[in-house]
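Data from start21.pdb: PDB, C-alpha atoms
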MODEL        1
ATOM      1  CA  MET A   1      54.876   7.308 -35.934
ATOM      2  CA  ARG A   2      52.129   8.060 -38.427
ATOM      3  CA  GLN A   3      50.572   4.658 -37.717
ATOM      4  CA  ILE A   4      50.548   5.365 -33.982
ATOM      5  CA  VAL A   5      48.861   8.728 -34.531
ATOM      6  CA  LEU A   6      46.228   7.138 -36.766
ATOM      7  CA  TRP A   7      45.661   4.334 -34.259
ATOM      8  CA  ARG A   8      45.175   6.830 -31.418
ATOM      9  CA  ALA A   9      42.721   8.845 -33.508
ATOM     10  CA  ALA A  10      40.745   5.733 -34.386
ATOM     11  CA  PHE A  11      40.724   4.623 -30.757
ATOM     12  CA  ALA A  12      39.500   8.031 -29.583
ATOM     13  CA  ALA A  13      36.720   8.023 -32.170
ATOM     14  CA  SER A  14      35.642   4.529 -31.136
ATOM     15  CA  LEU A  15      35.659   5.495 -27.460
ATOM     16  CA  THR A  16      33.575   8.588 -28.165
ATOM     17  CA  ALA A  17      31.033   6.521 -30.087
ATOM     18  CA  LEU A  18      30.889   3.944 -27.306
ATOM     19  CA  LEU A  19      30.312   6.572 -24.644
ATOM     20  CA  ALA A  20      27.589   8.189 -26.744
ATOM     21  CA  PHE A  21      25.882   4.843 -27.165
ATOM     22  CA  GLY A  22      26.086   4.209 -23.442
ATOM     23  CA  ALA A  23      24.556   7.589 -22.652
ATOM     24  CA  SER A  24      21.766   6.938 -25.143
ATOM     25  CA  ALA A  25      21.025   3.533 -23.631
ATOM     26  CA  ALA A  26      21.015   4.971 -20.121
ATOM     27  CA  ALA A  27      18.566   7.659 -21.188
ATOM     28  CA  GLN A  28      16.278   5.106 -22.767
ATOM     29  CA  PHE A  29      16.311   2.348 -20.186
ATOM     30  CA  GLY A  30      17.477   4.017 -16.979
ATOM     31  CA  SER A  31      20.876   3.299 -15.557
ATOM     32  CA  HIS A  32      20.464   2.591 -11.856
ATOM     33  CA  PRO A  33      17.834   1.611  -9.314
ATOM     34  CA  ASP A  34      18.505   4.883  -7.475
ATOM     35  CA  GLU A  35      16.716   6.753 -10.265
ATOM     36  CA  MET A  36      13.649   7.227  -8.050
ATOM     37  CA  LYS A  37      13.517   6.459  -4.358
ATOM     38  CA  ILE A  38      10.604   5.962  -1.992
ATOM     39  CA  ASP A  39      10.708   5.474   1.766
ATOM     40  CA  VAL A  40       9.823   1.849   2.528
ATOM     41  CA  SER A  41      11.193   1.837   6.086
ATOM     42  CA  ALA A  42       7.689   1.478   7.557
ATOM     43  CA  TYR A  43       6.756  -1.353   5.206
ATOM     44  CA  PRO A  44       6.722  -4.963   6.494
ATOM     45  CA  ALA A  45      10.126  -6.654   6.223
ATOM     46  CA  GLU A  46       8.905  -8.979   3.478
ATOM     47  CA  VAL A  47       7.687  -6.031   1.405
ATOM     48  CA  GLN A  48      10.955  -4.141   1.951
ATOM     49  CA  SER A  49      12.765  -7.192   0.622
ATOM     50  CA  GLY A  50      10.451  -7.191  -2.389
ATOM     51  CA  TYR A  51      11.276  -3.535  -3.015
ATOM     52  CA  ARG A  52      14.989  -4.353  -3.130
ATOM     53  CA  VAL A  53      14.347  -7.129  -5.644
ATOM     54  CA  PHE A  54      12.187  -4.720  -7.678
ATOM     55  CA  ALA A  55      14.846  -1.991  -7.640
ATOM     56  CA  ASN A  56      17.578  -4.429  -8.630
ATOM     57  CA  LYS A  57      15.804  -6.487 -11.281
ATOM     58  CA  CYS A  58      13.462  -4.019 -12.953
ATOM     59  CA  SER A  59      16.167  -1.380 -13.387
ATOM     60  CA  GLU A  60      18.043  -3.749 -15.712
ATOM     61  CA  CYS A  61      15.715  -2.844 -18.584
ATOM     62  CA  HIS A  62      14.045   0.473 -17.741
ATOM     63  CA  GLY A  63      13.813   3.329 -15.274
ATOM     64  CA  LEU A  64      11.783   2.639 -12.148
ATOM     65  CA  ASP A  65       9.806   5.881 -12.298
ATOM     66  CA  SER A  66       7.185   4.508 -14.654
ATOM     67  CA  SER A  67       6.422   1.498 -12.474
ATOM     68  CA  LEU A  68       6.333   3.541  -9.271
ATOM     69  CA  LYS A  69       3.971   6.095 -10.804
ATOM     70  CA  GLN A  70       1.554   3.754 -12.550
ATOM     71  CA  SER A  71      -1.479   2.210 -10.871
ATOM     72  CA  ARG A  72      -2.990  -1.242 -11.177
ATOM     73  CA  SER A  73      -5.181  -3.616  -9.250
ATOM     74  CA  THR A  74      -3.428  -6.401  -7.344
ATOM     75  CA  LYS A  75      -4.213  -8.789 -10.179
ATOM     76  CA  GLY A  76      -3.039  -6.176 -12.655
ATOM     77  CA  TRP A  77       0.353  -5.945 -10.964
ATOM     78  CA  ILE A  78       0.708  -9.726 -10.853
ATOM     79  CA  ASP A  79      -0.125  -9.952 -14.561
ATOM     80  CA  GLU A  80       2.282  -7.134 -15.403
ATOM     81  CA  VAL A  81       5.170  -8.707 -13.483
ATOM     82  CA  HIS A  82       4.547 -12.055 -15.174
ATOM     83  CA  ARG A  83       4.448 -10.327 -18.549
ATOM     84  CA  MET A  84       7.823  -8.756 -17.851
ATOM     85  CA  GLN A  85       9.182 -12.043 -16.505
ATOM     86  CA  ALA A  86       8.302 -13.771 -19.783
ATOM     87  CA  MET A  87      10.441 -11.374 -21.820
ATOM     88  CA  ALA A  88      13.680 -12.815 -23.187
ATOM     89  CA  SER A  89      15.723 -10.008 -21.619
ATOM     90  CA  ALA A  90      14.324 -10.608 -18.119
ATOM     91  CA  HIS A  91      16.297 -12.506 -15.488
ATOM     92  CA  ILE A  92      13.530 -12.953 -12.927
ATOM     93  CA  ASN A  93      12.682 -16.282 -11.321
ATOM     94  CA  ASP A  94       9.277 -17.157  -9.853
ATOM     95  CA  ARG A  95      10.300 -16.309  -6.285
ATOM     96  CA  GLU A  96      11.558 -12.885  -7.358
ATOM     97  CA  ALA A  97       8.462 -12.253  -9.475
ATOM     98  CA  ASP A  98       6.243 -13.011  -6.488
ATOM     99  CA  ALA A  99       8.267 -10.660  -4.268
ATOM    100  CA  ILE A 100       8.092  -7.844  -6.835
ATOM    101  CA  ALA A 101       4.329  -8.230  -7.306
ATOM    102  CA  LYS A 102       3.738  -8.212  -3.530
ATOM    103  CA  PHE A 103       5.758  -5.012  -3.149
ATOM    104  CA  LEU A 104       3.939  -3.248  -5.998
ATOM    105  CA  ALA A 105       0.512  -4.279  -4.699
ATOM    106  CA  TYR A 106       1.375  -3.178  -1.147
ATOM    107  CA  ASP A 107       2.785   0.150  -2.350
ATOM    108  CA  GLU A 108      -0.394   0.681  -4.383
ATOM    109  CA  SER A 109      -2.694   0.133  -1.428
ATOM    110  CA  HIS A 110      -0.658   2.161   1.063
ATOM    111  CA  ARG A 111       1.643   4.926  -0.229
ATOM    112  CA  LYS A 112      -0.344   5.707  -3.356
ATOM    113  CA  ALA A 113      -3.723   5.360  -1.648
ATOM    114  CA  ALA A 114      -2.622   7.728   1.140
ATOM    115  CA  SER A 115      -1.443  10.280  -1.415
ATOM    116  CA  ARG A 116      -4.817  10.229  -3.170
ATOM    117  CA  ALA A 117      -6.710  10.459   0.089
ATOM    118  CA  ALA A 118      -4.691  13.578   0.923
ATOM    119  CA  ILE A 119      -5.593  15.139  -2.430
ATOM    120  CA  SER A 120      -9.307  14.642  -1.751
ATOM    121  CA  ALA A 121      -9.162  15.671   1.913
ATOM    122  CA  HIS A 122      -7.201  18.906   1.485
ATOM    123  CA  SER A 123      -8.649  20.212  -1.744
ATOM    124  CA  ASP A 124     -11.437  22.764  -2.024
ATOM    125  CA  ASN A 125     -11.195  22.679  -5.784
ATOM    126  CA  SER A 126     -13.830  21.544  -8.228
ATOM    127  CA  SER A 127     -14.316  17.898  -9.114
ATOM    128  CA  GLU A 128     -12.599  18.585 -12.441
ATOM    129  CA  ALA A 129      -9.545  20.151 -10.744
ATOM    130  CA  ILE A 130      -9.272  17.278  -8.272
ATOM    131  CA  GLY A 131      -9.634  14.849 -11.172
ATOM    132  CA  LYS A 132      -6.694  16.490 -12.925
ATOM    133  CA  GLN A 133      -4.552  15.828  -9.841
ATOM    134  CA  MET A 134      -5.851  12.264  -9.741
ATOM    135  CA  PHE A 135      -4.866  11.856 -13.385
ATOM    136  CA  GLU A 136      -1.259  12.446 -12.366
ATOM    137  CA  SER A 137      -1.525  10.525  -9.101
ATOM    138  CA  TYR A 138      -2.775   7.395 -10.858
ATOM    139  CA  GLY A 139       0.070   7.641 -13.348
ATOM    140  CA  CYS A 140      -2.240   8.088 -16.342
ATOM    141  CA  SER A 141       0.363  10.199 -18.137
ATOM    142  CA  SER A 142       2.635   7.152 -18.311
ATOM    143  CA  CYS A 143       0.404   5.861 -21.098
ATOM    144  CA  HIS A 144      -1.618   8.906 -22.176
ATOM    145  CA  SER A 145      -1.056  12.548 -23.016
ATOM    146  CA  VAL A 146      -3.097  15.728 -22.722
ATOM    147  CA  ALA A 147      -2.184  18.739 -24.846
ATOM    148  CA  GLY A 148       1.086  17.050 -25.772
ATOM    149  CA  GLN A 149       2.119  16.418 -22.155
ATOM    150  CA  GLY A 150       2.709  12.767 -21.242
ATOM    151  CA  ASN A 151       2.922   9.700 -23.455
ATOM    152  CA  THR A 152       1.846  10.982 -26.859
ATOM    153  CA  ALA A 153       1.347   7.440 -28.159
ATOM    154  CA  SER A 154      -2.190   7.624 -26.784
ATOM    155  CA  ALA A 155      -3.558  11.163 -26.642
ATOM    156  CA  LEU A 156      -6.775  11.865 -24.738
ATOM    157  CA  ASP A 157      -7.511  15.232 -26.317
ATOM    158  CA  GLY A 158     -11.123  15.272 -27.460
ATOM    159  CA  ILE A 159     -12.083  12.204 -25.414
ATOM    160  CA  ARG A 160     -15.270  13.932 -24.232
ATOM    161  CA  ASN A 161     -16.543  13.765 -27.805
ATOM    162  CA  LYS A 162     -15.815  10.048 -28.102
ATOM    163  CA  ARG A 163     -16.886   8.512 -24.789
ATOM    164  CA  THR A 164     -19.671   9.014 -22.263
ATOM    165  CA  ALA A 165     -18.990   9.219 -18.534
ATOM    166  CA  GLU A 166     -20.193   5.652 -18.010
ATOM    167  CA  GLU A 167     -18.038   4.351 -20.867
ATOM    168  CA  LEU A 168     -14.975   6.046 -19.405
ATOM    169  CA  LYS A 169     -15.631   4.593 -15.957
ATOM    170  CA  LYS A 170     -15.958   1.107 -17.391
ATOM    171  CA  LEU A 171     -12.750   1.475 -19.414
ATOM    172  CA  ILE A 172     -10.828   2.544 -16.317
ATOM    173  CA  VAL A 173     -11.963  -0.159 -13.878
ATOM    174  CA  SER A 174     -12.776  -2.981 -16.290
ATOM    175  CA  PRO A 175     -11.051  -2.588 -19.681
ATOM    176  CA  PRO A 176     -11.766  -5.126 -22.449
ATOM    177  CA  SER A 177      -9.776  -8.350 -22.388
ATOM    178  CA  GLY A 178      -6.540  -7.958 -24.319
ATOM    179  CA  SER A 179      -6.600  -4.169 -23.990
ATOM    180  CA  ALA A 180      -3.363  -2.324 -23.267
ATOM    181  CA  MET A 181      -5.286  -0.461 -20.574
ATOM    182  CA  PRO A 182      -4.633  -2.095 -17.178
ATOM    183  CA  ALA A 183      -7.460  -2.818 -14.751
ATOM    184  CA  MET A 184      -7.305  -0.297 -11.908
ATOM    185  CA  ASP A 185      -8.711  -0.234  -8.378
ATOM    186  CA  VAL A 186     -10.217   3.249  -8.305
ATOM    187  CA  PRO A 187     -12.588   4.206  -5.464
ATOM    188  CA  ALA A 188     -15.944   5.577  -6.636
ATOM    189  CA  LYS A 189     -15.177   9.155  -5.528
ATOM    190  CA  ASP A 190     -11.791   9.183  -7.282
ATOM    191  CA  LEU A 191     -13.384   7.670 -10.370
ATOM    192  CA  ASP A 192     -16.075  10.373 -10.483
ATOM    193  CA  ASN A 193     -13.444  13.111 -10.164
ATOM    194  CA  LEU A 194     -11.154  11.527 -12.728
ATOM    195  CA  VAL A 195     -13.952  11.171 -15.272
ATOM    196  CA  ALA A 196     -15.134  14.733 -14.579
ATOM    197  CA  TYR A 197     -11.663  15.911 -15.593
ATOM    198  CA  LEU A 198     -11.555  13.710 -18.691
ATOM    199  CA  LEU A 199     -14.875  15.169 -19.818
ATOM    200  CA  THR A 200     -13.272  18.623 -19.927
ATOM    201  CA  LEU A 201     -10.847  17.491 -22.635
ATOM    202  CA  LYS A 202     -12.216  18.949 -25.853
TER     203      LYS A 202
ENDMDL
END

Would it be possible to restate this file's structure as structure tokens?
Amino acid sequence: MRQIVLWRAAFAASLTALLAFGASAAAQFGSHPDEMKIDVSAYPAEVQSGYRVFANKCSECHGLDSSLKQSRSTKGWIDEVHRMQAMASAHINDREADAIAKFLAYDESHRKAASRAAISAHSDNSSEAIGKQMFESYGCSSCHSVAGQGNTASALDGIRNKRTAEELKKLIVSPPSGSAMPAMDVPAKDLDNLVAYLLTLK
């Protein structure tokens, strides 16, 4: 009887530890492609198919929010998908990689572009205030933080004292080769507003 009691206690402890580990992993990597949804019903059929591949494959290693919020040029998305495909944990063939990249590029030039156009069209705020909204719209907080909000691995506090407006523009649209900063397609007006906001960061 004593052995049975001890065995049950050990089993319960092991189960608790396993569940805790599972919860931790889910928090770190995301647990399901339904984590963040977007409406792709108006997208071309091929792009909708690419979205399903994206939601299925990319959710195996991380939450989809970061990818859906970030911004890149078409080439940037292709490079990023290929970088992910090359990882040992990835299970993405060339056909799937192509479908994912096409979806991300299409989503960038349609849903995200429309959202940014709406920010500019319906805002009577200053260039700096619009730029702050653009900072979020372009997913900059996925890699950077301001006042501790966002990805603190690369804080932008005090950037105005380190870079000129022209340097910031160049870094955004044409970062140095090998830089962690992705190349981004940012229209001139958005770029001006975004940089105006960055230059307020003391």

**Item:** Surrounding residues of Phe103 of chain A excluding itself and chain neighbours under 6 positions, 9 Å, only C-alpha atoms, as a PyMOL selection string
**Value:** chain A and resi 46-51+54

**Prompt:** Selected by the PyMOL selection byres ((chain A and resi 134-140) around 7) in the shown coordinates: which residues, as a ChimeraX atom specification?
**Reply:** /A:69-71,116,130-133,141-144,194

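Taking all atoms listed in the file into account, Met181 of chain A lies nearest to A:Ser73 out of the set A:Gln149, A:Asn125, A:Ser73, A:Ser59.
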
**Item:** Atomic separation - atom CA of Ser174 of chain A relative to atom CA of Arg72 of chain A, Å
**Value:**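 Between these atoms lies a distance of 11.2 Å.
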
**Asked** What do you get, as a PyMOL selection string, if you spell out every residue that the PyMOL selection byres ((chain A and resi 155-166) around 6) selects here?
**Response** chain A and resi 144-146+152+154+167-169+199+201-202

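Candidate residues A:Ser41, A:Asn56, A:Ser109, A:Ser177 were compared for distance to Thr74 of chain A, and the nearest is A:Ser109, using all atoms listed in the file.
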
**Request:** Give as a PyMOL selection string the set of residues within 12 Å of the point (1.4, -8.9, -16.0), where distances use the file's coordinates and all atoms listed in the file.
**Result:** chain A and resi 72-87+97-98+100-101+104+178+180-183

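Nearest residue to Lys189 of chain A among A:Ser126, A:Ser66, A:Asn93, A:Ser120 is A:Ser120, counting only C-alpha atoms.
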
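Between atom CA of Ile119 of chain A and atom CA of Ile38 of chain A there is a distance of 18.6 Å.
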
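Rounded to one decimal, atom CA of Cys61 of chain A and atom CA of Ser89 of chain A lie 7.8 Å from each other.
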
**Prompt:** Which is closer to Ala113 of chain A than all the others in A:Val186, A:Val40, A:Val53, A:Asp192, using all atoms listed in the file?
**Reply:**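 Selected residue with least distance to Ala113 of chain A: A:Val186.
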
As JSON, please report the centre and edge lengths, rounded to one decimal in Å, of the axis-aligned box that holds all listed atoms of segment 181-194 of chain A with 5 Å of padding on each of the six sides.
{"center_x": -10.4, "center_y": 5.1, "center_z": -13.0, "size_x": 21.4, "size_y": 25.9, "size_z": 25.1}

**Prompt:** Out of A:Pro176, A:Pro44, A:Pro187, A:Gly148, which residue has the shortest atom-to-atom distance to Tyr106 of chain A when counting all atoms listed in the file?
**Reply:**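 Among A:Pro176, A:Pro44, A:Pro187, A:Gly148, it is A:Pro44 that comes nearest to Tyr106 of chain A.
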